[in-house]
file entry_36.cif (mmCIF, C-alpha atoms and all ligand atoms)
data_run
#
loop_
_atom_site.label_atom_id
_atom_site.label_comp_id
_atom_site.auth_asym_id
_atom_site.auth_seq_id
_atom_site.Cartn_x
_atom_site.Cartn_y
_atom_site.Cartn_z
CA MET A 18 168.79 113.76 161.04
CA VAL A 19 167.66 114.59 164.56
CA THR A 20 165.01 116.97 163.22
CA GLN A 21 163.66 114.28 160.90
CA SER A 22 163.29 111.66 163.58
CA ARG A 23 161.62 114.20 165.89
CA THR A 24 159.13 115.14 163.16
CA SER A 25 158.06 111.58 162.55
CA ARG A 26 157.87 110.74 166.29
CA SER A 27 155.79 113.83 166.98
CA THR A 28 152.97 112.54 164.79
CA GLU A 29 152.79 109.01 166.11
CA ALA A 30 149.67 109.63 168.19
CA PHE A 31 148.78 113.27 167.55
CA PHE A 32 146.38 113.90 164.66
CA GLY A 33 144.67 117.08 165.84
CA ARG A 34 145.16 120.77 165.16
CA ARG A 35 148.40 122.38 166.37
CA ARG A 36 146.97 125.91 166.30
CA GLY A 37 143.61 127.64 166.51
CA LYS A 38 143.11 131.39 166.35
CA THR A 39 146.17 133.59 166.47
CA VAL A 40 147.63 133.92 169.95
CA SER A 41 147.86 137.50 171.23
CA PRO A 42 151.30 139.04 171.87
CA GLN A 43 150.62 138.70 175.61
CA GLN A 44 149.77 135.00 175.25
CA ASP A 45 152.80 134.47 173.04
CA ALA A 46 155.08 136.03 175.66
CA ALA A 47 153.51 133.89 178.42
CA LEU A 48 153.89 130.81 176.22
CA LYS A 49 157.58 131.41 175.57
CA ALA A 50 158.41 132.26 179.18
CA GLY A 51 156.20 129.44 180.48
CA LEU A 52 157.75 126.77 178.29
CA LYS A 53 161.19 127.96 179.38
CA ALA A 54 160.24 127.66 183.04
CA TYR A 55 157.94 124.63 183.01
CA GLY A 56 158.84 122.75 179.81
CA LEU A 57 160.67 119.44 180.12
CA ASP A 58 163.85 118.88 178.12
CA LEU A 59 163.40 115.43 176.61
CA ALA A 60 166.95 115.57 175.22
CA SER A 61 168.25 115.35 178.78
CA VAL A 62 168.48 112.20 180.88
CA PRO A 63 165.39 111.91 183.10
CA PRO A 64 165.99 111.77 186.86
CA ASP A 65 165.57 108.31 188.41
CA ASP A 66 163.22 109.89 190.91
CA LEU A 67 160.70 112.09 189.10
CA ARG A 68 160.04 114.12 192.22
CA ASN A 69 163.33 115.84 191.43
CA LEU A 70 161.73 117.47 188.38
CA PHE A 71 159.77 119.82 190.62
CA GLU A 72 160.67 122.88 192.64
CA ALA A 73 158.22 121.90 195.38
CA LYS A 74 158.75 119.08 197.84
CA ILE A 75 156.28 116.53 196.61
CA SER A 76 155.30 112.97 197.40
CA SER A 77 153.84 111.61 194.15
CA VAL A 78 153.73 112.37 190.42
CA ARG A 79 150.76 112.31 188.04
CA LEU A 80 150.53 112.85 184.29
CA GLU A 81 147.64 114.47 182.39
CA ILE A 82 147.60 113.80 178.66
CA GLY A 83 145.84 116.34 176.40
CA PHE A 84 144.92 118.90 179.05
CA GLY A 85 143.23 121.26 176.55
CA GLY A 86 142.95 124.68 178.19
CA GLY A 87 144.23 123.26 181.48
CA GLU A 88 141.03 123.65 183.52
CA HIS A 89 141.41 120.28 185.27
CA LEU A 90 145.21 120.36 185.49
CA LEU A 91 145.29 123.81 187.04
CA ARG A 92 142.69 122.96 189.67
CA ALA A 93 144.40 119.65 190.50
CA ALA A 94 147.82 121.32 190.88
CA LEU A 95 146.38 124.07 193.07
CA THR A 96 144.41 121.80 195.37
CA ASP A 97 147.13 119.16 195.73
CA PRO A 98 150.46 120.98 196.14
CA GLN A 99 152.24 117.83 197.37
CA THR A 100 151.65 116.07 194.08
CA GLY A 101 153.80 116.91 191.07
CA PHE A 102 151.81 117.23 187.84
CA ILE A 103 153.14 116.78 184.33
CA GLY A 104 150.76 118.12 181.71
CA VAL A 105 151.01 117.41 177.99
CA GLU A 106 149.28 119.44 175.29
CA PRO A 107 150.44 119.90 171.68
CA PHE A 108 147.67 122.42 170.83
CA VAL A 109 149.41 125.80 171.04
CA ASN A 110 146.34 127.78 172.10
CA GLY A 111 145.65 125.35 174.96
CA MET A 112 149.23 125.53 176.20
CA ALA A 113 149.15 129.35 175.88
CA LYS A 114 146.03 129.49 178.08
CA MET A 115 147.69 127.34 180.72
CA MET A 116 150.90 129.40 180.60
CA MET A 117 148.90 132.62 180.99
CA ALA A 118 147.39 131.19 184.18
CA VAL A 119 150.74 130.20 185.68
CA ALA A 120 152.26 133.55 184.67
CA LYS A 121 149.76 135.13 187.07
CA ALA A 122 150.04 132.48 189.80
CA PRO A 123 153.20 130.35 189.51
CA LEU A 124 153.06 126.66 190.48
CA ALA A 125 156.04 124.83 191.98
CA ASN A 126 154.47 121.42 191.33
CA LEU A 127 153.96 121.68 187.56
CA ARG A 128 155.95 120.67 184.47
CA VAL A 129 154.71 120.49 180.88
CA HIS A 130 155.46 119.04 177.45
CA ASP A 131 154.07 120.70 174.30
CA ASP A 132 154.05 117.79 171.86
CA ASP A 133 152.84 114.22 171.42
CA ALA A 134 152.48 112.45 174.78
CA THR A 135 154.12 109.29 173.40
CA GLN A 136 157.45 111.17 173.39
CA LEU A 137 157.14 111.95 177.06
CA LEU A 138 155.97 108.43 177.95
CA ASP A 139 159.04 106.97 176.22
CA TRP A 140 161.31 109.39 178.09
CA LEU A 141 159.97 108.58 181.56
CA PRO A 142 161.74 105.94 183.67
CA PRO A 143 159.90 102.67 184.31
CA ALA A 144 157.46 102.56 187.24
CA SER A 145 157.86 106.29 187.87
CA LEU A 146 154.26 107.60 187.83
CA ASP A 147 151.50 107.31 190.40
CA GLY A 148 148.75 108.16 187.96
CA ILE A 149 147.83 108.95 184.36
CA ASP A 150 144.73 110.96 183.39
CA LEU A 151 143.37 110.79 179.86
CA LEU A 152 140.35 113.08 180.08
CA TYR A 153 138.16 113.39 177.03
CA PRO A 154 140.78 112.29 174.51
CA ASP A 155 140.00 113.07 170.87
CA PRO A 156 137.13 110.62 170.28
CA TRP A 157 137.57 109.77 166.59
CA PRO A 158 133.99 108.48 166.42
CA LYS A 159 134.15 107.21 162.82
CA LYS A 160 135.21 103.59 162.59
CA LYS A 161 137.79 104.34 159.89
CA HIS A 162 139.56 106.66 162.40
CA TRP A 163 139.49 104.38 165.43
CA LYS A 164 143.14 103.49 164.87
CA ARG A 165 143.97 107.11 165.78
CA ARG A 166 142.55 106.75 169.28
CA PHE A 167 145.13 107.28 172.01
CA VAL A 168 144.07 104.11 173.79
CA SER A 169 145.76 101.34 171.82
CA PRO A 170 147.79 98.23 172.64
CA VAL A 171 151.07 100.10 172.10
CA ASN A 172 150.06 103.04 174.30
CA LEU A 173 148.74 100.72 177.00
CA ASP A 174 152.19 99.06 176.92
CA ARG A 175 153.61 102.54 177.49
CA PHE A 176 151.23 103.19 180.40
CA GLY A 177 152.05 99.79 181.85
CA ARG A 178 155.77 100.54 181.71
CA VAL A 179 155.69 103.95 183.39
CA LEU A 180 153.00 103.38 186.02
CA LYS A 181 154.01 102.10 189.43
CA PRO A 182 152.26 98.89 190.52
CA GLY A 183 148.97 100.07 192.03
CA GLY A 184 149.12 103.32 190.05
CA SER A 185 145.92 104.56 188.41
CA PHE A 186 144.88 105.17 184.82
CA ARG A 187 141.77 107.37 184.65
CA PHE A 188 139.84 107.72 181.43
CA ALA A 189 136.82 109.99 180.94
CA SER A 190 134.78 110.20 177.75
CA ASP A 191 131.30 111.06 176.51
CA ILE A 192 131.60 108.77 173.48
CA ASP A 193 130.13 105.34 174.25
CA SER A 194 132.07 103.53 171.54
CA TYR A 195 135.36 104.89 172.98
CA VAL A 196 134.37 103.89 176.52
CA ASN A 197 133.65 100.32 175.37
CA TRP A 198 136.83 100.36 173.29
CA THR A 199 138.88 101.31 176.37
CA LEU A 200 137.25 98.69 178.59
CA LEU A 201 137.94 96.01 175.98
CA HIS A 202 141.52 97.10 175.29
CA CYS A 203 142.40 97.29 178.99
CA ARG A 204 140.87 93.89 179.66
CA ALA A 205 142.73 92.35 176.73
CA HIS A 206 146.00 93.99 177.78
CA GLY A 207 146.17 92.31 181.16
CA ALA A 208 148.15 94.95 183.11
CA PHE A 209 145.09 96.95 184.17
CA ASP A 210 142.24 96.10 186.52
CA TRP A 211 139.06 98.09 186.07
CA GLN A 212 137.92 99.51 189.40
CA ALA A 213 134.20 99.10 188.72
CA ASP A 214 132.41 101.06 191.40
CA ASP A 215 128.97 99.74 192.26
CA ALA A 216 128.19 102.63 194.64
CA GLY A 217 128.54 105.71 192.46
CA GLY A 218 128.76 103.87 189.17
CA TRP A 219 130.91 104.81 186.21
CA HIS A 220 128.73 107.83 185.43
CA SER A 221 129.75 109.59 188.66
CA PRO A 222 132.68 112.02 188.30
CA TYR A 223 135.87 111.43 190.27
CA ALA A 224 136.13 112.88 193.80
CA GLY A 225 136.86 116.62 193.70
CA TRP A 226 136.22 116.70 189.94
CA PRO A 227 136.34 120.29 188.61
CA GLY A 228 135.08 119.42 185.12
CA THR A 229 136.75 120.27 181.84
CA ARG A 230 135.88 122.55 178.96
CA TYR A 231 135.24 119.65 176.61
CA GLU A 232 133.03 117.96 179.20
CA ALA A 233 130.89 121.10 179.59
CA LYS A 234 130.26 121.03 175.82
CA ALA A 235 129.35 117.32 175.91
CA LEU A 236 126.89 117.94 178.76
CA ARG A 237 125.35 120.92 176.94
CA GLU A 238 124.83 118.71 173.92
CA GLY A 239 123.11 116.04 176.05
CA ARG A 240 125.82 113.34 176.14
CA ARG A 241 126.44 111.40 179.35
CA PRO A 242 130.10 111.00 180.30
CA ALA A 243 131.70 107.90 181.79
CA TYR A 244 134.58 108.00 184.26
CA LEU A 245 136.69 104.84 184.32
CA THR A 246 139.53 104.04 186.71
CA PHE A 247 142.02 101.20 186.17
CA ARG A 248 144.80 100.05 188.50
CA ARG A 249 148.17 98.90 187.25
CA VAL A 250 148.42 95.34 188.57
C1 LIG A 301 138.91 116.61 173.04
S1 LIG A 301 140.26 117.51 173.63
C2 LIG A 301 140.01 117.48 175.39
C3 LIG A 301 140.81 118.51 176.13
C4 LIG A 301 140.62 118.49 177.67
N1 LIG A 301 141.12 117.27 178.25
C5 LIG A 301 139.17 118.71 178.03
O1 LIG A 301 138.54 117.75 178.50
O2 LIG A 301 138.69 119.84 177.87
C6 LIG A 301 141.62 116.39 173.45
C7 LIG A 301 142.98 117.03 173.63
O3 LIG A 301 144.00 116.03 173.50
C8 LIG A 301 145.09 116.61 172.83
N2 LIG A 301 145.85 115.51 172.21
C9 LIG A 301 145.49 114.79 171.12
N3 LIG A 301 146.44 113.88 170.82
C10 LIG A 301 147.42 114.02 171.75
C11 LIG A 301 148.67 113.39 171.96
N4 LIG A 301 149.10 112.43 171.15
N5 LIG A 301 149.42 113.79 173.01
C12 LIG A 301 148.97 114.76 173.84
N6 LIG A 301 147.81 115.41 173.68
C13 LIG A 301 147.04 115.05 172.64
C14 LIG A 301 144.46 117.57 171.83
O4 LIG A 301 145.34 118.59 171.41
C15 LIG A 301 143.28 118.11 172.61
O5 LIG A 301 143.59 119.30 173.30
#
call {"tool": "encode", "arguments": {"input": "entry_36.cif", "output": "structure tokens"}}
result
Amino acid sequence: MVTQSRTSRSTEAFFGRRRGKTVSPQQDAALKAGLKAYGLDLASVPPDDLRNLFEAKISSVRLEIGFGGGEHLLRAALTDPQTGFIGVEPFVNGMAKMMMAVAKAPLANLRVHDDDATQLLDWLPPASLDGIDLLYPDPWPKKKHWKRRFVSPVNLDRFGRVLKPGGSFRFASDIDSYVNWTLLHCRAHGAFDWQADDAGGWHSPYAGWPGTRYEAKALREGRRPAYLTFRRV
């Protein structure tokens, strides 16, 4: 019964590949040990104050959805040790890469979840996050697949519930139709104010931006990314 409901929940917003090439024995060991140390137990009751999820003494908590190989998440967690980071990635090879990195250099301000981010969002207490990053989400460029996009009215309701007032939702993408889609959905939703920046413009990366693997591919292929920031009103 429990297994069944978990199976159906895990596919609500995840339509990608779970696995790529076979993980090496070393990666597999890092993955198992890493998930034991950093993985969140969504069967437990979440703490009222999310800062208690972390070993480090931290002042704020951010979530990164779909961190891929963890390039951005790792850099953010290293450069900002007073912020707690929760990273979500259902793709096994991506999580294995991240867990290899923290096996070498442990992080006291990191926790992870290895399945659909909607599960984690529904587990989090209301108004508990300072920020959500959705960086290069799966673009689903064909119109018939747009309903698979992570940005949707139901997921914006989820973001609205877990973000603190004034908290940020950052969205980066190289797919123009997804950028427009996100602007329109956020405007229609009403809980998010777009922080249009007339100085740098929406084509300037965020401050301290380390880039991501997916972004490097988009740039190589000549696409121009957009970086949007919304505030929870
Ligand atoms: C295009 S990749 C981008 C990865 C990374 N952010 C980057 O920029 O390199 C999108 C990632 O989102 C993950 N993803 C897709 N649906 C998801 C979901 N429902 N919850 C969490 N992650 C998801 C995929 O597994 C994939 O790694």
call {"tool": "closest_residue", "arguments": {"input": "entry_36.cif", "among": "A:Arg36, A:Arg248, A:His162, A:Arg128", "to": "A:Trp211", "atoms": "only C-alpha atoms"}}
result
A:Arg248
call {"tool": "residues_near_ligand", "arguments": {"input": "entry_36.cif", "ligand": "ligand LIG 301 (chain A)", "cutoff": "10 Å", "atoms": "all atoms listed in the file", "output": "JSON, numbers by chain"}}
result
{"A": [27, 28, 29, 30, 31, 32, 33, 34, 35, 36, 81, 82, 83, 84, 85, 86, 87, 88, 89, 90, 104, 105, 106, 107, 108, 109, 110, 111, 112, 130, 131, 132, 133, 134, 135, 136, 137, 138, 150, 151, 152, 153, 154, 155, 156, 157, 165, 166, 167, 172, 189, 190, 228, 229, 230, 231, 232, 233, 234, 235]}
call {"tool": "atom_distance", "arguments": {"input": "entry_36.cif", "atom1": "atom CA of A:Ala125", "atom2": "atom CA of A:Arg79"}}
result
14.1 Å
call {"tool": "closest_residue", "arguments": {"input": "entry_36.cif", "among": "A:Asp193, A:Glu72, A:Asp66, A:Asp147", "to": "A:Ala54", "atoms": "all atoms listed in the file"}}
result
A:Glu72
call {"tool": "closest_residue", "arguments": {"input": "entry_36.cif", "among": "A:Val179, A:Ala213, A:Leu245, A:Leu124", "to": "A:Pro142", "atoms": "all atoms listed in the file"}}
result
A:Val179
call {"tool": "decode", "arguments": {"input": "entry_36.cif", "residues": "stretch 70-83 of chain A", "atoms": "all heavy atoms", "output": "mmCIF file, in the first residue's frame"}}
result
data_model
loop_
_atom_site.group_PDB
_atom_site.id
_atom_site.type_symbol
_atom_site.label_atom_id
_atom_site.label_comp_id
_atom_site.auth_asym_id
_atom_site.auth_seq_id
_atom_site.Cartn_x
_atom_site.Cartn_y
_atom_site.Cartn_z
ATOM 1 N N LEU A 70 17.857 20.868 10.400
ATOM 2 C CA LEU A 70 18.199 19.720 9.542
ATOM 3 C C LEU A 70 19.700 19.620 9.312
ATOM 4 O O LEU A 70 20.189 18.622 8.802
ATOM 5 C CB LEU A 70 17.544 19.872 8.163
ATOM 6 C CG LEU A 70 16.040 19.694 8.033
ATOM 7 C CD1 LEU A 70 15.621 20.007 6.599
ATOM 8 C CD2 LEU A 70 15.623 18.283 8.417
ATOM 9 N N PHE A 71 20.422 20.687 9.639
ATOM 10 C CA PHE A 71 21.827 20.765 9.238
ATOM 11 C C PHE A 71 22.753 20.662 10.438
ATOM 12 O O PHE A 71 22.431 21.113 11.532
ATOM 13 C CB PHE A 71 22.084 22.085 8.497
ATOM 14 C CG PHE A 71 21.218 22.222 7.271
ATOM 15 C CD1 PHE A 71 19.956 22.794 7.348
ATOM 16 C CD2 PHE A 71 21.653 21.727 6.053
ATOM 17 C CE1 PHE A 71 19.138 22.896 6.230
ATOM 18 C CE2 PHE A 71 20.841 21.825 4.923
ATOM 19 C CZ PHE A 71 19.586 22.414 5.009
ATOM 20 N N GLU A 72 23.924 20.094 10.165
ATOM 21 C CA GLU A 72 24.958 19.983 11.196
ATOM 22 C C GLU A 72 25.532 21.356 11.517
ATOM 23 O O GLU A 72 25.860 21.664 12.653
ATOM 24 C CB GLU A 72 26.093 19.143 10.622
ATOM 25 C CG GLU A 72 26.412 17.895 11.388
ATOM 26 C CD GLU A 72 27.517 17.159 10.668
ATOM 27 O OE1 GLU A 72 28.648 17.691 10.616
ATOM 28 O OE2 GLU A 72 27.223 16.069 10.150
ATOM 29 N N ALA A 73 25.671 22.185 10.490
ATOM 30 C CA ALA A 73 26.274 23.513 10.669
ATOM 31 C C ALA A 73 25.261 24.473 11.281
ATOM 32 O O ALA A 73 24.054 24.263 11.183
ATOM 33 C CB ALA A 73 26.734 24.047 9.317
ATOM 34 N N LYS A 74 25.804 25.527 11.895
ATOM 35 C CA LYS A 74 24.940 26.593 12.403
ATOM 36 C C LYS A 74 24.671 27.511 11.214
ATOM 37 O O LYS A 74 25.594 28.114 10.666
ATOM 38 C CB LYS A 74 25.687 27.350 13.504
ATOM 39 C CG LYS A 74 24.822 28.249 14.331
ATOM 40 C CD LYS A 74 25.615 28.663 15.578
ATOM 41 C CE LYS A 74 25.120 29.938 16.213
ATOM 42 N NZ LYS A 74 23.718 30.161 16.279
ATOM 43 N N ILE A 75 23.428 27.572 10.823
ATOM 44 C CA ILE A 75 23.136 28.322 9.600
ATOM 45 C C ILE A 75 22.019 29.332 9.839
ATOM 46 O O ILE A 75 21.279 29.241 10.814
ATOM 47 C CB ILE A 75 22.728 27.375 8.457
ATOM 48 C CG1 ILE A 75 21.567 26.515 8.922
ATOM 49 C CG2 ILE A 75 23.870 26.527 7.982
ATOM 50 C CD1 ILE A 75 20.840 25.907 7.821
ATOM 51 N N SER A 76 21.920 30.297 8.920
ATOM 52 C CA SER A 76 20.932 31.350 9.127
ATOM 53 C C SER A 76 19.755 31.277 8.151
ATOM 54 O O SER A 76 18.700 31.825 8.431
ATOM 55 C CB SER A 76 21.608 32.719 9.022
ATOM 56 O OG SER A 76 22.410 32.768 7.869
ATOM 57 N N SER A 77 19.921 30.635 7.013
ATOM 58 C CA SER A 77 18.806 30.560 6.069
ATOM 59 C C SER A 77 18.881 29.244 5.299
ATOM 60 O O SER A 77 19.910 28.558 5.329
ATOM 61 C CB SER A 77 18.847 31.747 5.104
ATOM 62 O OG SER A 77 20.072 31.755 4.422
ATOM 63 N N VAL A 78 17.784 28.904 4.619
ATOM 64 C CA VAL A 78 17.728 27.611 3.912
ATOM 65 C C VAL A 78 17.233 27.830 2.478
ATOM 66 O O VAL A 78 16.231 28.504 2.256
ATOM 67 C CB VAL A 78 16.786 26.610 4.638
ATOM 68 C CG1 VAL A 78 16.741 25.277 3.885
ATOM 69 C CG2 VAL A 78 17.234 26.374 6.067
ATOM 70 N N ARG A 79 17.960 27.246 1.540
ATOM 71 C CA ARG A 79 17.584 27.326 0.119
ATOM 72 C C ARG A 79 17.423 25.923 -0.455
ATOM 73 O O ARG A 79 18.055 24.972 0.025
ATOM 74 C CB ARG A 79 18.669 28.061 -0.680
ATOM 75 C CG ARG A 79 18.925 29.492 -0.241
ATOM 76 C CD ARG A 79 19.884 30.186 -1.201
ATOM 77 N NE ARG A 79 19.307 30.263 -2.537
ATOM 78 C CZ ARG A 79 18.523 31.252 -2.946
ATOM 79 N NH1 ARG A 79 18.247 32.254 -2.144
ATOM 80 N NH2 ARG A 79 18.018 31.258 -4.159
ATOM 81 N N LEU A 80 16.607 25.837 -1.489
ATOM 82 C CA LEU A 80 16.350 24.552 -2.158
ATOM 83 C C LEU A 80 16.771 24.663 -3.621
ATOM 84 O O LEU A 80 16.450 25.660 -4.275
ATOM 85 C CB LEU A 80 14.838 24.262 -2.076
ATOM 86 C CG LEU A 80 14.267 23.162 -2.963
ATOM 87 C CD1 LEU A 80 14.798 21.790 -2.548
ATOM 88 C CD2 LEU A 80 12.728 23.163 -2.866
ATOM 89 N N GLU A 81 17.493 23.651 -4.119
ATOM 90 C CA GLU A 81 17.779 23.592 -5.563
ATOM 91 C C GLU A 81 17.126 22.341 -6.134
ATOM 92 O O GLU A 81 17.428 21.217 -5.711
ATOM 93 C CB GLU A 81 19.288 23.599 -5.848
ATOM 94 C CG GLU A 81 19.543 23.619 -7.363
ATOM 95 C CD GLU A 81 21.004 23.811 -7.761
ATOM 96 O OE1 GLU A 81 21.769 24.462 -7.015
ATOM 97 O OE2 GLU A 81 21.368 23.293 -8.836
ATOM 98 N N ILE A 82 16.261 22.548 -7.102
ATOM 99 C CA ILE A 82 15.502 21.440 -7.710
ATOM 100 C C ILE A 82 16.172 21.012 -9.011
ATOM 101 O O ILE A 82 16.386 21.827 -9.893
ATOM 102 C CB ILE A 82 14.044 21.882 -7.982
ATOM 103 C CG1 ILE A 82 13.335 22.185 -6.665
ATOM 104 C CG2 ILE A 82 13.293 20.816 -8.782
ATOM 105 C CD1 ILE A 82 11.929 22.764 -6.828
ATOM 106 N N GLY A 83 16.513 19.714 -9.119
ATOM 107 C CA GLY A 83 17.127 19.202 -10.352
ATOM 108 C C GLY A 83 18.540 19.704 -10.514
ATOM 109 O O GLY A 83 18.854 20.347 -11.509
#
